[in-house]
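K.L.:
Input query.cif, format and content: mmCIF, C-alpha atoms and all ligand atoms.
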data_my_file
#
loop_
_atom_site.group_PDB
_atom_site.id
_atom_site.type_symbol
_atom_site.label_atom_id
_atom_site.label_comp_id
_atom_site.auth_asym_id
_atom_site.auth_seq_id
_atom_site.Cartn_x
_atom_site.Cartn_y
_atom_site.Cartn_z
ATOM 1 C CA MET V 15 61.767 97.766 143.751
ATOM 2 C CA LEU V 16 62.225 97.105 147.465
ATOM 3 C CA ALA V 17 60.084 100.056 148.440
ATOM 4 C CA ALA V 18 57.361 99.437 145.893
ATOM 5 C CA HIS V 19 54.914 98.038 148.442
ATOM 6 C CA GLU V 20 55.233 101.135 150.659
ATOM 7 C CA PRO V 21 52.671 103.544 149.197
ATOM 8 C CA GLN V 22 54.470 106.731 150.400
ATOM 9 C CA ASP V 23 57.662 105.570 148.739
ATOM 10 C CA THR V 24 56.160 104.245 145.561
ATOM 11 C CA PRO V 25 58.339 105.649 142.801
ATOM 12 C CA ALA V 26 57.367 107.057 139.472
ATOM 13 C CA VAL V 27 53.575 106.753 139.813
ATOM 14 C CA GLY V 28 53.005 110.227 141.243
ATOM 15 C CA ALA V 29 52.459 109.072 144.836
ATOM 16 C CA ASP V 30 53.065 112.668 146.016
ATOM 17 C CA SER V 31 50.023 113.953 144.196
ATOM 18 C CA GLN V 32 47.728 111.120 145.277
ATOM 19 C CA GLU V 33 44.691 112.000 147.473
ATOM 20 C CA PRO V 34 44.747 110.230 150.878
ATOM 21 C CA SER V 35 41.749 108.186 149.775
ATOM 22 C CA THR V 36 43.512 106.898 146.736
ATOM 23 C CA ARG V 37 46.531 105.837 148.812
ATOM 24 C CA THR V 38 44.600 102.799 149.970
ATOM 25 C CA PHE V 39 43.821 102.088 146.370
ATOM 26 C CA VAL V 40 47.481 102.402 145.471
ATOM 27 C CA SER V 41 48.366 100.279 148.465
ATOM 28 C CA ASP V 42 45.841 97.715 147.314
ATOM 29 C CA MET V 43 47.274 97.874 143.829
ATOM 30 C CA CYS V 44 50.604 96.885 145.278
ATOM 31 C CA ARG V 45 49.341 93.391 145.878
ATOM 32 C CA ARG V 46 48.384 93.202 142.233
ATOM 33 C CA GLY V 47 50.000 94.809 139.242
ATOM 34 C CA LEU V 48 51.770 97.855 140.713
ATOM 35 C CA LEU V 49 54.646 95.854 142.037
ATOM 36 C CA ASP V 50 55.173 94.580 138.544
ATOM 37 C CA VAL V 51 54.995 98.080 137.115
ATOM 38 C CA ALA V 52 57.522 99.343 139.654
ATOM 39 C CA ALA V 53 59.664 96.326 138.982
ATOM 40 C CA SER V 54 59.555 96.952 135.274
ATOM 41 C CA ILE V 55 60.501 100.612 135.842
ATOM 42 C CA ASN V 56 63.471 99.472 137.877
ATOM 43 C CA VAL V 57 64.394 96.904 135.253
ATOM 44 C CA GLU V 58 64.250 99.657 132.663
ATOM 45 C CA GLU V 59 66.550 101.811 134.772
ATOM 46 C CA GLU V 60 68.911 98.903 135.202
ATOM 47 C CA LEU V 61 68.878 98.336 131.459
ATOM 48 C CA HIS V 62 69.867 101.959 130.955
ATOM 49 C CA VAL V 63 72.774 101.554 133.307
ATOM 50 C CA ASN V 64 73.727 98.272 131.715
ATOM 51 C CA ARG V 65 73.520 99.685 128.224
ATOM 52 C CA PHE V 66 75.718 102.572 129.307
ATOM 53 C CA THR V 67 78.195 100.215 130.930
ATOM 54 C CA VAL V 68 78.261 98.017 127.840
ATOM 55 C CA LEU V 69 78.915 101.061 125.643
ATOM 56 C CA ALA V 70 81.698 102.264 127.918
ATOM 57 C CA VAL V 71 83.373 98.843 127.947
ATOM 58 C CA ALA V 72 82.940 98.501 124.192
ATOM 59 C CA ALA V 73 84.450 101.935 123.659
ATOM 60 C CA SER V 74 87.537 101.054 125.644
ATOM 61 C CA ILE V 75 87.913 97.736 123.796
ATOM 62 C CA TRP V 76 87.550 99.672 120.537
ATOM 63 C CA GLY V 77 90.272 102.029 121.675
ATOM 64 C CA LEU V 78 92.635 99.246 122.650
ATOM 65 C CA SER V 79 92.221 96.931 119.692
ATOM 66 C CA GLY V 80 91.206 99.301 116.911
ATOM 67 C CA GLY V 81 87.840 97.626 116.464
ATOM 68 C CA PHE V 82 85.221 95.359 117.966
ATOM 69 C CA THR V 83 86.748 92.269 116.448
ATOM 70 C CA PHE V 84 89.995 91.193 117.994
ATOM 71 C CA ALA V 85 92.682 91.748 115.409
ATOM 72 C CA ALA V 86 95.262 89.019 114.937
ATOM 73 C CA GLU V 87 98.976 89.427 114.386
ATOM 74 C CA HIS V 88 100.444 87.052 111.816
ATOM 75 C CA GLU V 89 104.123 86.312 111.296
ATOM 76 C CA VAL V 90 106.103 86.112 108.079
ATOM 77 C CA ARG V 91 109.764 85.121 108.302
ATOM 78 C CA MET V 92 112.418 86.458 105.985
ATOM 79 C CA LEU V 93 114.653 83.530 105.083
ATOM 80 C CA ASN V 94 117.772 82.702 103.067
ATOM 81 C CA LYS V 95 116.213 79.341 102.312
ATOM 82 C CA GLY V 96 112.507 78.550 102.194
ATOM 83 C CA PRO V 97 110.794 75.438 103.616
ATOM 84 C CA GLU V 98 110.935 73.789 100.178
ATOM 85 C CA GLY V 99 114.578 74.633 99.725
ATOM 86 C CA GLN V 100 114.095 77.667 97.473
ATOM 87 C CA PRO V 101 116.599 80.471 98.048
ATOM 88 C CA MET V 102 115.510 83.845 99.452
ATOM 89 C CA GLN V 103 111.944 83.380 100.622
ATOM 90 C CA PHE V 104 109.197 84.899 102.677
ATOM 91 C CA ASP V 105 107.541 82.200 104.750
ATOM 92 C CA PRO V 106 104.644 81.878 104.384
ATOM 93 C CA ALA V 107 104.825 83.721 101.067
ATOM 94 C CA PHE V 108 101.032 83.701 100.756
ATOM 95 C CA ILE V 109 98.707 84.403 103.644
ATOM 96 C CA LYS V 110 95.074 85.372 103.907
ATOM 97 C CA ILE V 111 94.124 87.607 106.811
ATOM 98 C CA GLU V 112 91.149 89.663 107.992
ATOM 99 C CA PRO V 113 90.861 93.455 107.701
ATOM 100 C CA GLY V 114 92.420 95.049 110.784
ATOM 101 C CA ASP V 115 94.905 92.216 111.246
ATOM 102 C CA SER V 116 98.600 92.907 111.149
ATOM 103 C CA VAL V 117 101.643 91.060 109.862
ATOM 104 C CA LYS V 118 105.006 91.034 111.590
ATOM 105 C CA PHE V 119 107.939 90.536 109.257
ATOM 106 C CA ILE V 120 110.607 88.720 111.211
ATOM 107 C CA ALA V 121 114.278 89.099 110.308
ATOM 108 C CA THR V 122 115.115 85.430 110.906
ATOM 109 C CA ASP V 123 118.024 85.652 108.463
ATOM 110 C CA LYS V 124 120.076 88.763 107.768
ATOM 111 C CA GLY V 125 120.038 90.905 104.653
ATOM 112 C CA HIS V 126 116.310 91.109 103.912
ATOM 113 C CA ASN V 127 113.565 93.676 104.095
ATOM 114 C CA SER V 128 109.854 93.889 103.400
ATOM 115 C CA GLU V 129 108.285 96.583 101.280
ATOM 116 C CA SER V 130 105.084 96.933 99.329
ATOM 117 C CA ILE V 131 105.071 96.848 95.528
ATOM 118 C CA LEU V 132 103.314 100.056 94.547
ATOM 119 C CA GLU V 133 101.338 98.592 91.609
ATOM 120 C CA MET V 134 100.260 95.603 93.693
ATOM 121 C CA ILE V 135 98.313 97.082 96.593
ATOM 122 C CA PRO V 136 94.755 98.506 96.752
ATOM 123 C CA GLU V 137 94.448 102.115 95.622
ATOM 124 C CA THR V 138 93.595 103.530 99.046
ATOM 125 C CA ALA V 139 96.042 101.363 100.988
ATOM 126 C CA GLU V 140 99.193 102.690 102.593
ATOM 127 C CA VAL V 141 102.608 101.643 101.347
ATOM 128 C CA TRP V 142 105.261 100.279 103.686
ATOM 129 C CA LYS V 143 109.012 100.022 103.432
ATOM 130 C CA GLY V 144 111.103 98.258 106.043
ATOM 131 C CA LYS V 145 114.842 98.735 106.270
ATOM 132 C CA ILE V 146 117.256 95.844 105.757
ATOM 133 C CA ASN V 147 117.194 93.546 108.839
ATOM 134 C CA GLU V 148 114.304 95.543 110.245
ATOM 135 C CA GLU V 149 111.431 93.742 111.897
ATOM 136 C CA ILE V 150 108.294 95.655 111.063
ATOM 137 C CA VAL V 151 104.620 95.235 111.872
ATOM 138 C CA VAL V 152 102.174 96.337 109.179
ATOM 139 C CA THR V 153 98.443 96.665 109.835
ATOM 140 C CA PHE V 154 96.056 96.019 106.955
ATOM 141 C CA ASP V 155 92.754 97.885 107.119
ATOM 142 C CA VAL V 156 91.847 98.002 103.433
ATOM 143 C CA GLU V 157 90.613 94.773 101.815
ATOM 144 C CA GLY V 158 92.383 93.527 98.740
ATOM 145 C CA ILE V 159 95.549 91.962 97.386
ATOM 146 C CA TYR V 160 98.953 93.171 98.605
ATOM 147 C CA GLY V 161 102.107 92.236 96.728
ATOM 148 C CA TYR V 162 105.420 92.928 98.445
ATOM 149 C CA LYS V 163 109.105 92.279 97.939
ATOM 150 C CA CYS V 164 112.497 92.089 99.500
ATOM 151 C CA MET V 165 114.396 94.791 97.644
ATOM 152 C CA PRO V 166 117.854 93.110 97.491
ATOM 153 C CA HIS V 167 116.345 89.799 96.319
ATOM 154 C CA PHE V 168 113.458 91.046 94.191
ATOM 155 C CA GLY V 169 114.961 89.640 90.979
ATOM 156 C CA LEU V 170 115.594 86.300 92.725
ATOM 157 C CA GLY V 171 111.894 85.933 93.407
ATOM 158 C CA MET V 172 111.742 86.996 97.039
ATOM 159 C CA VAL V 173 108.156 88.262 96.924
ATOM 160 C CA GLY V 174 104.951 87.611 98.800
ATOM 161 C CA ILE V 175 101.215 88.162 98.743
ATOM 162 C CA ILE V 176 98.900 89.061 101.575
ATOM 163 C CA GLN V 177 95.208 88.753 100.846
ATOM 164 C CA VAL V 178 93.106 90.906 103.159
ATOM 165 C CA GLY V 179 89.451 89.881 103.351
ATOM 166 C CA ASP V 180 87.629 88.588 100.291
ATOM 167 C CA SER V 181 87.864 91.522 97.917
ATOM 168 C CA THR V 182 89.775 90.815 94.708
ATOM 169 C CA GLU V 183 89.044 94.234 93.248
ATOM 170 C CA ASN V 184 92.711 95.054 92.606
ATOM 171 C CA LEU V 185 93.696 91.545 91.475
ATOM 172 C CA ASP V 186 93.688 92.446 87.774
ATOM 173 C CA SER V 187 96.009 95.414 88.226
ATOM 174 C CA ALA V 188 98.219 93.362 90.559
ATOM 175 C CA GLU V 189 98.524 90.668 87.883
ATOM 176 C CA THR V 190 99.684 93.128 85.236
ATOM 177 C CA ALA V 191 102.450 94.636 87.376
ATOM 178 C CA LYS V 192 105.863 94.373 85.709
ATOM 179 C CA LEU V 193 108.219 92.259 87.810
ATOM 180 C CA PRO V 194 111.880 91.389 87.304
ATOM 181 C CA GLY V 195 113.358 87.907 86.726
ATOM 182 C CA ARG V 196 112.128 85.145 89.010
ATOM 183 C CA ALA V 197 109.717 87.478 90.785
ATOM 184 C CA LYS V 198 107.357 87.120 87.826
ATOM 185 C CA THR V 199 106.957 83.333 88.017
ATOM 186 C CA ARG V 200 106.988 83.285 91.822
ATOM 187 C CA MET V 201 104.283 85.934 91.958
ATOM 188 C CA ALA V 202 102.148 83.976 89.468
ATOM 189 C CA GLU V 203 102.335 80.951 91.802
ATOM 190 C CA LEU V 204 101.215 83.086 94.718
ATOM 191 C CA ILE V 205 98.423 84.849 92.809
ATOM 192 C CA ALA V 206 97.025 81.394 91.987
ATOM 193 C CA GLN V 207 96.407 80.953 95.724
ATOM 194 C CA VAL V 208 94.175 84.019 95.937
ATOM 195 C CA SER V 209 90.572 83.063 96.617
ATOM 196 C CA SER V 210 87.352 84.941 97.006
ATOM 197 C CA ASP V 211 83.800 84.184 98.121
ATOM 198 C CA GLY V 212 81.517 83.622 95.167
ATOM 199 C CA ALA V 213 84.280 84.092 92.605
ATOM 200 C CA GLU V 214 86.182 80.893 93.220
ATOM 201 C CA GLY V 215 88.013 79.495 90.238
ATOM 202 C CA ASP V 216 87.872 82.443 87.888
ATOM 203 C CA GLY V 217 89.978 84.615 90.150
ATOM 204 C CA ALA V 218 88.807 88.161 89.526
ATOM 205 C CA GLY V 219 85.488 89.379 90.901
ATOM 206 C CA ALA V 220 83.229 89.708 87.876
ATOM 207 C CA ALA V 221 80.754 92.134 89.385
ATOM 208 C CA ASP V 222 81.467 95.838 89.279
HETATM 209 CU CU CU I 301 115.755 89.163 100.786
#
Taking this structure as input, can you express it in the form of C-alpha cells?

P.N.:
Amino acid sequence: MLAAHEPQDTPAVGADSQEPSTRTFVSDMCRRGLLDVAASINVEEELHVNRFTVLAVAASIWGLSGGFTFAAEHEVRMLNKGPEGQPMQFDPAFIKIEPGDSVKFIATDKGHNSESILEMIPETAEVWKGKINEEIVVTFDVEGIYGYKCMPHFGLGMVGIIQVGDSTENLDSAETAKLPGRAKTRMAELIAQVSSDGAEGDGAGAAD
C-alpha cells in the first residue's frame, strides 16, 4: 500500500511486464483508481491473515474449552439435610444446564455419592458413578433428562434431575423408571420442573 504510487514497485498489476510507455500511464493511474486497487489488494491480504489468525485463536479456544461457547460448571451439594429441612438431599435437586456444561457434586456432608440412574438418562449419554464421599465433575454433552441418585439413600428419596438443553426426548422413559420408596415421589416433584421450548405445560415433546 505504501509503495503503490511508485510505478516500479506497484504490486500485483504486472508492473514488470509493462512497456516503458505504459509506465507513465500506470503512474498516472496512481493518482486515480490504482491506489484504491492496490489498497484493496492489501486489504484482501490482510483479511487473509486476519481470517487465519481468527481461525488459529478459535481453534485454541476450542481445544481449551471443548467448544466455542464457554461451558459453565455448576455445583450440586450432597447434604444430610436439604434447604427445606428434608433429610438426605441433593441441592439443588433440579437444575437446567446447557450442553457442554458440567456439574460438580460436592461432598458437603459425609456418606453420599452421585451416580446416574441407568433408565433415566438419554440413550447415547455416558453413565457416571461416584464413590462415597467422592467429589466428581460430570460433563453433559448430550441433551436430555438425567436422573441420578445417592446409592445409600436412594430409598430415602435422595435423587436429582439435571436437564441438559431443551430436549425432552427421553422424558417418557425417565418417568416410567421403577424407583424405590421415597425416590418415586421425590422424582415426580423434580420431573414436574422439567421444561422445554414449545412444549411447555404438556411435558413431553409431541413431535417425533
Ligand atoms: Cu446420600

K.L.:
Mind telling me what the PyMOL selection byres (((chain V and resi 150) around 6) and not hetatm) catches here, as a compact mmCIF listing (two decimals) with C-alpha atoms, in the frame of the given file?

P.N.:
# COMPACT_ATOMS: atom_id res chain seq x y z
CA LYS V 118 105.01 91.03 111.59
CA PHE V 119 107.94 90.54 109.26
CA GLU V 149 111.43 93.74 111.90
CA VAL V 151 104.62 95.24 111.87

K.L.:
Sorted by chain and rising residue number, list the residues of chain V at most 9 Å from ligand CU 301 (chain I) (counting all atoms listed in the file), each with its closest atom pair and distance in Å to one decimal, as a Markdown table.

P.N.:
| residue | atom | partner | partner_atom | distance |
| --- | --- | --- | --- | --- |
| V:Met92 | CA | I:CU301 | CU | 6.7 |
| V:Leu93 | CA | I:CU301 | CU | 7.2 |
| V:Asn94 | CA | I:CU301 | CU | 7.1 |
| V:Met102 | CA | I:CU301 | CU | 5.5 |
| V:Gln103 | CA | I:CU301 | CU | 6.9 |
| V:Phe104 | CA | I:CU301 | CU | 8.0 |
| V:Asp123 | CA | I:CU301 | CU | 8.7 |
| V:Lys124 | CA | I:CU301 | CU | 8.2 |
| V:Gly125 | CA | I:CU301 | CU | 6.0 |
| V:His126 | CA | I:CU301 | CU | 3.7 |
| V:Asn127 | CA | I:CU301 | CU | 6.0 |
| V:Ser128 | CA | I:CU301 | CU | 8.0 |
| V:Ile146 | CA | I:CU301 | CU | 8.5 |
| V:Lys163 | CA | I:CU301 | CU | 7.9 |
| V:Cys164 | CA | I:CU301 | CU | 4.6 |
| V:Met165 | CA | I:CU301 | CU | 6.6 |
| V:Pro166 | CA | I:CU301 | CU | 5.6 |
| V:His167 | CA | I:CU301 | CU | 4.6 |
| V:Phe168 | CA | I:CU301 | CU | 7.2 |
| V:Leu170 | CA | I:CU301 | CU | 8.6 |
| V:Gly171 | CA | I:CU301 | CU | 8.9 |
| V:Met172 | CA | I:CU301 | CU | 5.9 |
| V:Val173 | CA | I:CU301 | CU | 8.6 |

K.L.:
Measuring between only C-alpha atoms, which one of V:Ile159, V:Ser181, V:Ala197, V:Ile176 shows the shortest distance to Pro106 of chain V?

P.N.:
V:Ile176

K.L.:
Atom CA of Ala85 of chain V to atom CA of Asp115 of chain V: how many Å, to one decimal?

P.N.:
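Straight-line distance from atom CA of Ala85 of chain V to atom CA of Asp115 of chain V works out to 4.7 Å.
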
K.L.:
What is the distance between atom CA of Ile205 of chain V and atom CA of Lys110 of chain V, in Å to one decimal?

P.N.:
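Rounded to one decimal, the two atoms are 11.6 Å apart.
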
K.L.:
For a quick check of understanding, using only C-alpha atoms, which of V:Thr153, V:Ser187, V:Gln177, V:Thr122 has the smallest distance to Met134 of chain V?

P.N.:
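The closest residue to Met134 of chain V is V:Ser187.
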
K.L.:
Calculated over all atoms listed in the file, which of the candidates V:Val208, V:Ala139, V:Leu132, V:Ala121 has the smallest distance to Phe154 of chain V?

P.N.:
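Of all the options, V:Ala139 lies closest to Phe154 of chain V.
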
K.L.:
If you apply the PyMOL selection byres (((chain V and resi 198) around 10) and not hetatm) to this file, what residues do you get, as an MDAnalysis selection string?

P.N.:
chainID V and resid 168:171 173 189 191:197 199:203

K.L.:
Have a look at atom CA of Leu204 of chain V and atom CA of Ile175 of chain V and let me know their distance in Å, one decimal.

P.N.:
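Going from atom CA of Leu204 of chain V over to atom CA of Ile175 of chain V, I get 6.5 Å.
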